[in-house]
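Chemist: My structure is in start13.cif, and what it holds is mmCIF, C-alpha atoms (C1' of nucleotides):
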```cif
data_structure
loop_
_atom_site.label_atom_id
_atom_site.label_comp_id
_atom_site.auth_asym_id
_atom_site.auth_seq_id
_atom_site.Cartn_x
_atom_site.Cartn_y
_atom_site.Cartn_z
CA MET A 18 14.92 9.70 20.22
CA ASP A 19 11.97 11.88 21.15
CA ARG A 20 12.86 15.12 22.84
CA ARG A 21 10.01 17.37 22.17
CA PRO A 22 8.70 20.23 24.27
CA GLY A 23 6.54 18.79 26.97
CA GLY A 24 7.98 15.33 26.43
CA GLU A 25 5.33 14.92 23.78
CA ALA A 26 6.38 12.33 21.22
CA LEU A 27 5.69 13.76 17.79
CA LEU A 28 7.37 10.88 16.10
CA PHE A 29 4.33 10.38 13.89
CA LEU A 30 5.13 13.69 12.19
CA THR A 31 8.63 12.84 11.02
CA ASP A 32 9.35 13.04 7.30
CA GLU A 33 9.77 9.28 7.27
CA GLN A 34 6.31 8.74 8.75
CA LEU A 35 4.80 11.23 6.33
CA ARG A 36 6.45 9.51 3.40
CA GLN A 37 5.03 6.20 4.55
CA GLY A 38 1.62 7.80 4.75
CA ILE A 39 2.02 9.08 1.20
CA GLU A 40 3.03 5.68 -0.10
CA ALA A 41 0.20 4.02 1.82
CA MET A 42 -2.26 6.33 0.07
CA PHE A 43 -0.76 5.50 -3.30
CA PHE A 44 -0.85 1.74 -2.90
CA ALA A 45 -4.20 1.67 -1.12
CA TYR A 46 -5.91 3.76 -3.77
CA ARG A 47 -4.87 1.22 -6.34
CA GLY A 48 -6.59 -1.49 -4.34
CA PHE A 49 -9.55 0.77 -3.77
CA THR A 50 -10.26 1.12 -7.49
CA ALA A 51 -9.05 -2.30 -8.65
CA ASP A 52 -12.29 -4.26 -8.33
CA PRO A 53 -14.64 -1.79 -10.03
CA ASP A 54 -11.99 -1.20 -12.70
CA ARG A 55 -12.03 -4.87 -13.58
CA ILE A 56 -15.80 -4.85 -13.99
CA LEU A 57 -15.79 -1.61 -15.96
CA ALA A 58 -13.09 -2.85 -18.31
CA GLU A 59 -15.42 -5.59 -19.53
CA MET A 60 -17.87 -2.94 -20.66
CA ALA A 61 -16.72 0.10 -22.59
CA TYR A 62 -16.63 2.14 -19.39
CA GLY A 63 -13.98 3.67 -17.20
CA ARG A 64 -13.54 5.16 -13.78
CA ALA A 65 -15.22 8.40 -14.79
CA HIS A 66 -18.42 6.51 -15.57
CA HIS A 67 -18.26 4.84 -12.19
CA ARG A 68 -17.91 8.14 -10.39
CA ALA A 69 -20.83 9.68 -12.26
CA ILE A 70 -23.03 6.67 -11.57
CA HIS A 71 -22.05 6.63 -7.92
CA PHE A 72 -22.96 10.22 -7.22
CA ILE A 73 -26.11 10.23 -9.34
CA ASN A 74 -27.28 7.24 -7.34
CA ARG A 75 -26.29 9.03 -4.17
CA ALA A 76 -28.22 12.19 -4.99
CA PRO A 77 -30.92 11.41 -7.54
CA GLY A 78 -32.18 14.43 -9.42
CA THR A 79 -28.91 16.29 -9.03
CA THR A 80 -28.09 18.82 -11.72
CA VAL A 81 -25.14 18.61 -14.07
CA ASN A 82 -23.60 21.63 -12.41
CA ASN A 83 -23.87 20.13 -8.97
CA LEU A 84 -22.29 16.92 -10.17
CA LEU A 85 -19.53 18.99 -11.74
CA ASN A 86 -18.62 20.52 -8.43
CA ILE A 87 -18.56 17.18 -6.68
CA LEU A 88 -16.46 15.45 -9.32
CA GLY A 89 -14.11 18.37 -9.86
CA VAL A 90 -13.85 18.06 -13.63
CA THR A 91 -14.88 20.33 -16.48
CA LYS A 92 -18.41 20.16 -17.72
CA GLN A 93 -17.15 19.07 -21.12
CA SER A 94 -15.42 16.10 -19.58
CA LEU A 95 -18.45 15.10 -17.58
CA ASN A 96 -20.71 15.62 -20.56
CA ARG A 97 -18.89 13.06 -22.67
CA VAL A 98 -19.39 10.48 -19.94
CA LEU A 99 -23.02 11.40 -19.38
CA ARG A 100 -23.72 11.25 -23.08
CA THR A 101 -22.67 7.61 -23.33
CA LEU A 102 -24.50 6.70 -20.14
CA ILE A 103 -27.69 8.31 -21.40
CA ALA A 104 -27.29 6.72 -24.84
CA ASP A 105 -26.84 3.33 -23.19
CA GLY A 106 -29.97 3.84 -21.12
CA LEU A 107 -28.26 3.88 -17.72
CA VAL A 108 -28.93 7.51 -16.91
CA GLU A 109 -31.94 9.66 -17.56
CA SER A 110 -31.73 13.43 -18.01
CA LYS A 111 -34.83 15.48 -17.29
CA VAL A 112 -35.21 19.16 -18.09
CA GLY A 113 -35.77 21.21 -14.95
CA ARG A 114 -39.31 22.34 -14.30
CA SER A 115 -38.59 25.63 -12.60
CA ASP A 116 -35.38 26.36 -14.51
CA LYS A 117 -35.39 24.83 -17.94
CA ARG A 118 -31.63 25.33 -18.31
CA GLU A 119 -30.97 22.70 -15.72
CA ARG A 120 -30.92 18.96 -16.34
CA HIS A 121 -31.79 16.66 -13.48
CA LEU A 122 -30.06 13.30 -13.55
CA PHE A 123 -31.44 9.92 -12.50
CA LEU A 124 -30.34 6.32 -12.81
CA THR A 125 -32.60 4.04 -14.80
CA ARG A 126 -33.35 0.54 -13.63
CA SER A 127 -30.34 -0.87 -15.47
CA GLY A 128 -28.26 2.03 -14.21
CA ARG A 129 -29.12 1.05 -10.67
CA THR A 130 -28.22 -2.54 -11.46
CA LEU A 131 -24.75 -1.55 -12.63
CA GLU A 132 -24.33 0.74 -9.63
CA GLN A 133 -25.12 -2.18 -7.35
CA THR A 134 -22.60 -4.43 -9.07
CA LEU A 135 -19.86 -1.83 -8.85
CA SER A 136 -20.46 -0.74 -5.31
CA ASP A 137 -20.86 -4.32 -4.12
CA ALA A 138 -17.37 -5.04 -5.39
CA GLN A 139 -15.91 -1.92 -3.87
CA ARG A 140 -17.72 -2.35 -0.58
CA ALA A 141 -16.54 -5.95 -0.28
CA ARG A 142 -12.95 -4.82 -0.19
CA MET A 143 -13.70 -1.91 2.11
CA ARG A 144 -15.61 -4.21 4.42
CA ALA A 145 -12.75 -6.69 4.60
CA ALA A 146 -10.30 -3.89 5.32
CA PHE A 147 -12.57 -2.38 7.98
CA ARG A 148 -13.15 -5.73 9.61
CA ASP A 149 -9.44 -6.53 9.72
CA ALA A 150 -8.57 -3.12 11.08
CA GLY A 151 -11.29 -2.78 13.68
CA PRO A 152 -13.54 0.12 14.67
CA GLU A 153 -10.91 2.32 16.30
CA ALA A 154 -8.67 2.13 13.25
CA VAL A 155 -11.63 2.92 11.00
CA ALA A 156 -12.43 6.02 13.04
CA GLY A 157 -8.82 7.17 12.68
CA PHE A 158 -8.85 6.40 9.00
CA ARG A 159 -11.87 8.62 8.48
CA THR A 160 -10.47 11.40 10.63
CA VAL A 161 -7.20 11.60 8.70
CA LEU A 162 -8.87 11.41 5.31
CA GLU A 163 -11.24 14.19 6.22
CA ALA A 164 -8.34 16.35 7.37
CA MET A 165 -6.61 15.72 4.06
CA MET A 166 -9.44 17.06 1.89
CA ASP A 167 -9.63 20.50 0.38
CA PRO A 168 -12.19 22.57 2.28
CA GLU A 169 -14.71 22.55 -0.57
CA MET A 170 -14.36 18.79 -0.92
CA ARG A 171 -14.82 18.38 2.79
CA ALA A 172 -18.01 20.40 2.49
CA SER A 173 -19.29 18.13 -0.29
CA TYR A 174 -18.31 15.08 1.70
CA THR A 175 -20.03 16.27 4.86
CA ARG A 176 -23.17 17.24 2.98
CA LEU A 177 -23.42 13.80 1.41
CA LYS A 178 -22.59 12.11 4.67
CA ASP A 179 -25.28 13.92 6.61
CA SER A 180 -27.88 13.34 3.91
CA GLY A 181 -27.36 9.61 4.08
CA THR A 182 -28.24 8.93 7.70
CA MET B 17 -24.18 -11.26 9.71
CA ASP B 18 -21.07 -11.05 11.76
CA ARG B 19 -21.47 -10.83 15.46
CA ARG B 20 -18.79 -10.33 17.98
CA PRO B 21 -18.41 -12.37 21.09
CA GLY B 22 -20.38 -10.38 23.62
CA GLY B 23 -23.11 -9.51 21.12
CA GLU B 24 -21.38 -6.32 20.08
CA ALA B 25 -22.98 -4.91 16.95
CA LEU B 26 -20.54 -4.17 14.13
CA LEU B 27 -22.10 -0.86 13.26
CA PHE B 28 -18.94 0.33 11.59
CA LEU B 29 -19.48 -2.33 8.92
CA THR B 30 -22.88 -1.15 7.73
CA ASP B 31 -23.28 -0.31 4.05
CA GLU B 32 -23.73 3.32 4.99
CA GLN B 33 -20.44 3.38 6.86
CA LEU B 34 -18.69 1.64 3.99
CA ARG B 35 -20.10 4.10 1.51
CA GLN B 36 -18.82 6.97 3.60
CA GLY B 37 -15.41 5.33 3.66
CA ILE B 38 -15.49 5.04 -0.12
CA GLU B 39 -16.42 8.68 -0.56
CA ALA B 40 -13.80 9.74 1.97
CA MET B 41 -11.15 7.93 -0.08
CA PHE B 42 -12.35 9.64 -3.24
CA PHE B 43 -12.34 13.17 -1.85
CA ALA B 44 -9.15 12.72 0.16
CA TYR B 45 -7.20 11.37 -2.79
CA ARG B 46 -8.04 14.52 -4.69
CA GLY B 47 -6.53 16.58 -1.92
CA PHE B 48 -3.61 14.23 -1.72
CA THR B 49 -2.59 14.86 -5.33
CA ALA B 50 -3.74 18.48 -5.64
CA ASP B 51 -0.57 20.25 -4.53
CA PRO B 52 1.97 18.30 -6.61
CA ASP B 53 -0.42 18.46 -9.56
CA ARG B 54 -0.35 22.24 -9.43
CA ILE B 55 3.44 22.29 -9.49
CA LEU B 56 3.67 19.69 -12.24
CA ALA B 57 1.18 21.52 -14.41
CA GLU B 58 3.55 24.49 -14.64
CA MET B 59 6.14 22.25 -16.20
CA ALA B 60 5.23 19.81 -18.96
CA TYR B 61 4.90 17.00 -16.44
CA GLY B 62 2.06 14.97 -15.02
CA ARG B 63 1.31 12.60 -12.21
CA ALA B 64 3.12 9.76 -13.92
CA HIS B 65 6.37 11.73 -13.80
CA HIS B 66 5.85 12.44 -10.14
CA ARG B 67 5.38 8.77 -9.32
CA ALA B 68 8.51 7.76 -11.21
CA ILE B 69 10.56 10.47 -9.54
CA HIS B 70 9.23 9.56 -6.12
CA PHE B 71 10.14 5.90 -6.30
CA ILE B 72 13.49 6.43 -7.99
CA ASN B 73 14.36 8.79 -5.17
CA ARG B 74 13.08 6.27 -2.68
CA ALA B 75 15.13 3.39 -4.06
CA PRO B 76 18.08 4.82 -5.98
CA GLY B 77 19.62 2.39 -8.42
CA THR B 78 16.36 0.52 -8.89
CA THR B 79 15.95 -1.26 -12.19
CA VAL B 80 13.33 -0.46 -14.78
CA ASN B 81 11.66 -3.79 -14.17
CA ASN B 82 11.44 -3.21 -10.44
CA LEU B 83 9.95 0.23 -10.97
CA LEU B 84 7.45 -1.32 -13.35
CA ASN B 85 6.23 -3.68 -10.66
CA ILE B 86 5.92 -0.94 -8.08
CA LEU B 87 4.06 1.45 -10.36
CA GLY B 88 1.86 -1.22 -11.90
CA VAL B 89 1.99 0.13 -15.43
CA THR B 90 3.26 -1.26 -18.70
CA LYS B 91 6.86 -0.71 -19.75
CA GLN B 92 5.68 1.29 -22.76
CA SER B 93 3.85 3.64 -20.47
CA LEU B 94 6.75 3.98 -18.07
CA ASN B 95 9.23 4.32 -20.89
CA ARG B 96 7.47 7.34 -22.30
CA VAL B 97 7.79 9.07 -18.95
CA LEU B 98 11.35 7.93 -18.30
CA ARG B 99 12.47 9.07 -21.74
CA THR B 100 11.41 12.64 -21.10
CA LEU B 101 12.88 12.66 -17.60
CA ILE B 102 16.24 11.41 -18.89
CA ALA B 103 16.17 13.83 -21.83
CA ASP B 104 15.50 16.69 -19.41
CA GLY B 105 18.38 15.62 -17.22
CA LEU B 106 16.35 14.73 -14.14
CA VAL B 107 17.01 11.00 -14.22
CA GLU B 108 20.15 9.08 -15.06
CA SER B 109 20.15 5.54 -16.41
CA LYS B 110 23.26 3.43 -15.79
CA VAL B 111 24.00 0.05 -17.30
CA GLY B 112 24.18 -2.66 -14.67
CA ARG B 113 27.62 -3.92 -13.65
CA SER B 114 26.82 -7.55 -12.91
CA ASP B 115 23.98 -7.82 -15.41
CA LYS B 116 24.50 -5.47 -18.32
CA ARG B 117 20.95 -5.91 -19.52
CA GLU B 118 19.64 -4.02 -16.55
CA ARG B 119 19.45 -0.23 -16.29
CA HIS B 120 19.77 1.29 -12.86
CA LEU B 121 17.93 4.53 -12.34
CA PHE B 122 19.09 7.54 -10.31
CA LEU B 123 17.95 11.09 -9.83
CA THR B 124 20.38 13.78 -10.93
CA ARG B 125 20.93 16.86 -8.83
CA SER B 126 18.10 18.72 -10.55
CA GLY B 127 15.97 15.59 -10.30
CA ARG B 128 16.43 15.62 -6.56
CA THR B 129 15.57 19.30 -6.48
CA LEU B 130 12.25 18.67 -8.21
CA GLU B 131 11.57 15.70 -5.98
CA GLN B 132 12.10 17.89 -2.94
CA THR B 133 9.74 20.53 -4.25
CA LEU B 134 7.03 18.01 -4.98
CA SER B 135 7.32 16.01 -1.81
CA ASP B 136 7.56 19.13 0.32
CA ALA B 137 4.20 20.19 -1.03
CA GLN B 138 2.66 16.78 -0.52
CA ARG B 139 4.17 16.30 2.92
CA ALA B 140 2.94 19.70 4.05
CA ARG B 141 -0.64 18.62 3.53
CA MET B 142 -0.05 15.21 5.03
CA ARG B 143 1.65 16.78 8.05
CA ALA B 144 -1.26 19.15 8.61
CA ALA B 145 -3.73 16.28 8.36
CA PHE B 146 -1.69 14.08 10.69
CA ARG B 147 -1.27 16.87 13.21
CA ASP B 148 -4.99 17.66 13.20
CA ALA B 149 -5.93 14.03 13.53
CA GLY B 150 -3.44 12.96 16.17
CA PRO B 151 -1.24 9.88 16.53
CA GLU B 152 -3.97 7.35 17.28
CA ALA B 153 -5.96 8.38 14.23
CA VAL B 154 -2.81 8.19 12.10
CA ALA B 155 -2.15 4.65 13.30
CA GLY B 156 -5.70 3.68 12.35
CA PHE B 157 -5.37 5.42 9.02
CA ARG B 158 -2.29 3.37 8.20
CA THR B 159 -3.84 0.13 9.40
CA VAL B 160 -6.93 0.49 7.22
CA LEU B 161 -4.96 1.56 4.14
CA GLU B 162 -2.65 -1.39 4.51
CA ALA B 163 -5.61 -3.75 4.77
CA MET B 164 -7.05 -2.24 1.62
CA MET B 165 -4.02 -2.99 -0.57
CA ASP B 166 -3.65 -5.91 -2.90
CA PRO B 167 -1.24 -8.44 -1.39
CA GLU B 168 1.54 -7.69 -3.91
CA MET B 169 1.16 -3.98 -3.29
CA ARG B 170 1.28 -4.57 0.43
CA ALA B 171 4.51 -6.47 -0.10
CA SER B 172 6.01 -3.57 -2.06
CA TYR B 173 4.81 -1.13 0.56
CA THR B 174 6.26 -3.13 3.43
CA ARG B 175 9.56 -3.60 1.64
CA LEU B 176 9.90 0.12 1.08
CA LYS B 177 8.76 0.91 4.58
CA ASP B 178 11.29 -1.38 6.21
CA SER B 179 14.10 -0.14 4.01
CA GLY B 180 13.51 3.41 5.14
CA THR B 181 14.07 3.09 8.85
"C1'" DT C 2 -36.01 44.55 -23.98
"C1'" DT C 3 -31.59 43.85 -24.12
"C1'" DG C 4 -27.20 42.38 -22.23
"C1'" DG C 5 -25.03 39.37 -19.19
"C1'" DA C 6 -24.85 35.19 -16.52
"C1'" DA C 7 -25.84 30.40 -16.05
"C1'" DT C 8 -26.38 25.85 -18.11
"C1'" DG C 9 -25.35 22.55 -21.15
"C1'" DT C 10 -23.47 20.70 -25.90
"C1'" DC C 11 -20.15 19.88 -29.71
"C1'" DA C 12 -15.33 19.66 -31.52
"C1'" DA C 13 -10.48 19.30 -31.22
"C1'" DC C 14 -6.41 18.28 -28.66
"C1'" DA C 15 -3.09 16.40 -24.97
"C1'" DA C 16 -1.77 13.12 -21.30
"C1'" DC C 17 -1.43 8.61 -20.13
"C1'" DA C 18 -2.91 4.24 -19.84
"C1'" DC C 19 -3.40 -0.15 -22.80
"C1'" DT C 20 -2.25 -4.17 -26.42
"C1'" DG C 21 0.59 -6.23 -29.86
"C1'" DA C 22 4.64 -6.89 -32.52
"C1'" DC C 23 9.31 -6.33 -32.82
"C1'" DT C 24 14.65 -5.43 -32.01
"C1'" DT C 25 18.87 -5.59 -29.37
"C1'" DA C 26 21.82 -7.20 -25.98
"C1'" DA C 27 23.05 -10.16 -22.26
"C1'" DT C 28 22.40 -14.08 -19.63
"C1'" DA C 29 20.88 -19.02 -18.69
"C1'" DT C 30 20.20 -23.54 -19.97
"C1'" DC C 31 20.71 -27.64 -22.42
"C1'" DG D 29 28.34 -23.80 -28.54
"C1'" DA D 30 23.51 -23.55 -29.98
"C1'" DT D 31 19.23 -22.24 -28.18
"C1'" DA D 32 16.01 -20.19 -25.08
"C1'" DT D 33 14.98 -16.68 -21.88
"C1'" DT D 34 15.20 -12.23 -19.78
"C1'" DA D 35 15.70 -6.99 -19.62
"C1'" DA D 36 15.07 -3.04 -21.90
"C1'" DG D 37 13.55 -0.26 -25.43
"C1'" DT D 38 10.79 1.03 -29.70
"C1'" DC D 39 6.91 1.68 -33.05
"C1'" DA D 40 2.14 1.70 -34.14
"C1'" DG D 41 -2.53 1.82 -32.86
"C1'" DT D 42 -6.47 2.40 -29.53
"C1'" DG D 43 -9.35 4.04 -25.55
"C1'" DT D 44 -10.42 6.85 -21.52
"C1'" DT D 45 -10.29 11.14 -19.48
"C1'" DG D 46 -8.77 15.38 -18.83
"C1'" DT D 47 -8.26 20.14 -21.09
"C1'" DT D 48 -9.74 24.79 -24.14
"C1'" DG D 49 -12.45 27.07 -27.34
"C1'" DA D 50 -16.69 28.10 -29.57
"C1'" DC D 51 -21.56 28.13 -29.33
"C1'" DA D 52 -26.76 27.54 -28.36
"C1'" DT D 53 -30.33 28.07 -25.03
"C1'" DT D 54 -32.50 29.88 -21.07
"C1'" DC D 55 -33.12 32.96 -17.37
"C1'" DC D 56 -32.90 37.29 -14.95
"C1'" DA D 57 -32.08 41.97 -13.96
"C1'" DA D 58 -30.85 46.71 -15.36
#
```
Once you've parsed the file, please lay out its structure as structure tokens.
Modeler:
Amino acid sequence: MDRRPGGEALLFLTDEQLRQGIEAMFFAYRGFTADPDRILAEMAYGRAHHRAIHFINRAPGTTVNNLLNILGVTKQSLNRVLRTLIADGLVESKVGRSDKRERHLFLTRSGRTLEQTLSDAQRARMRAAFRDAGPEAVAGFRTVLEAMMDPEMRASYTRLKDSGT
Amino acid sequence: MDRRPGGEALLFLTDEQLRQGIEAMFFAYRGFTADPDRILAEMAYGRAHHRAIHFINRAPGTTVNNLLNILGVTKQSLNRVLRTLIADGLVESKVGRSDKRERHLFLTRSGRTLEQTLSDAQRARMRAAFRDAGPEAVAGFRTVLEAMMDPEMRASYTRLKDSGT
DNA sequence: TTGGAATGTCAACAACACTGACTTAATATC
DNA sequence: GATATTAAGTCAGTGTTGTTGACATTCCAA
């Protein structure tokens, strides 16, 4: 079965294993978003609102442009989402002091409340999965995901990660 | 909170760790879909077409209903995609022999060609990530993803996985 | 000071998901 | 054999989220 140079078994790199990894990502991502999606559906919001709220909470005072880079969408697309969030009083937009072109984004009190509700739901599932899988599996999970990111995304991820500790 | 026999702290279950896991999923999924998305954008196709093609290739002769359950979308949504794929000669729909109500789906030759192109691109990234991370990390990756799925999705995943070996 | 770059907003359009109502054909059930 | 159910497909309408294009404002540097 495995005859690789050095007797090294590279069976985990077969097309079949890769395909299983691809399908695992597909099915798992559905579970990953399922719980927040249910909550969001009850309001007039979608996944894009969740993402905006998540990262504004994560980096309060971030500019629209910065958020754009993290989310990887066009500014027009983000703007539509931000507009409704601001109109609904979940997000506050403050004109920059040093550069008046920039808008700095913050969650309001009710914005933070919604963020809590959403991330509680998502964390509950992640926690259950982590607990079932155990610490070694979790470490592997993170390693593979990080290797799968585009370099710029990995940079954003690392920056956020390091700012949180 | 939870405490392991031996007083071991479950540091990998802190909110901070969970949040990092959530963000890792978000950024990694972007990378995961980036390469096929680029290819699909050149044609008039989107991610929905890719998913249909993937699972038809994976389980040739599958019925529309079965595909519906795997993809987790409505039949109207799937039908729109299927219609274009059949019209473009990438997918063939054959009336069932035992039950003539059913339609069994197959990729045509050009359908298989496109599937190859798309999955080659996606596998290339997955292979690089797997290689960088190593077999133990890959095992953990799969374990956590599986634990994150909804039970029905896990059933679909397992069924496909076992049929492939 | 003027032209270009950066930042953000508004409008229109496409992809893709959804619900609801319906038709057609084949199969199951009584 | 009449009736109900199932599988597939269609039509119409709606919502979210992505896209381009056009444009206003602000800042900075030649």
Chemist: Expand the PyMOL selection byres ((chain A) within 8 of (chain B)) into the explicit residue set it covers here, and present it as a PyMOL selection string.
Modeler: chain A and resi 29-30+32-33+35-42+44-49+139-140+142-150+152-167+170-171+174+178+181-182
Chemist: Counting all atoms listed in the file, a student should be able to say which residues of chain D come within 9 Å of chain A; what is the right answer, written as a list in words?
Modeler: DG43, DT44, DT45, DG46, DT47, DT53, DT54 and DC55 of chain D
Chemist: What lies within 9 Å of Arg125 of chain B using only C-alpha atoms (C1' of nucleotides), ignoring chain neighbours under 2 positions off, as a PyMOL selection string?
Modeler: chain B and resi 105-107+123+127-130
Chemist: How many Å lie between atom CA of Met59 of chain B and atom C1' of DC17 of chain C, rounded to one decimal?
Modeler: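 A separation of 16.1 Å between them.
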Chemist: With distances taken over only C-alpha atoms (C1' of nucleotides), which of A:Asn96, A:Ser115, A:Asn83, A:Asn74 is nearest to chain C?
Modeler: A:Asn96
Chemist: Pick out the chain C residues within 10 Å of chain A. Count all atoms listed in the file. Give them as an mmCIF file with C-alpha atoms (C1' of nucleotides), in the coordinates of the input.
Modeler:
```cif
data_model
loop_
_atom_site.group_PDB
_atom_site.id
_atom_site.type_symbol
_atom_site.label_atom_id
_atom_site.label_comp_id
_atom_site.auth_asym_id
_atom_site.auth_seq_id
_atom_site.Cartn_x
_atom_site.Cartn_y
_atom_site.Cartn_z
ATOM 1 C "C1'" DA C 7 -25.840 30.400 -16.050
ATOM 2 C "C1'" DT C 8 -26.380 25.850 -18.110
ATOM 3 C "C1'" DG C 9 -25.350 22.550 -21.150
ATOM 4 C "C1'" DT C 10 -23.470 20.700 -25.900
ATOM 5 C "C1'" DC C 11 -20.150 19.880 -29.710
#
```
Chemist: Leaving out Thr78 of chain B and any residue of its chain fewer than 2 positions from it, which residues lie within 6 Å of it when counting all atoms listed in the file, given as a PyMOL selection string?
Modeler: chain B and resi 75-76+120-121
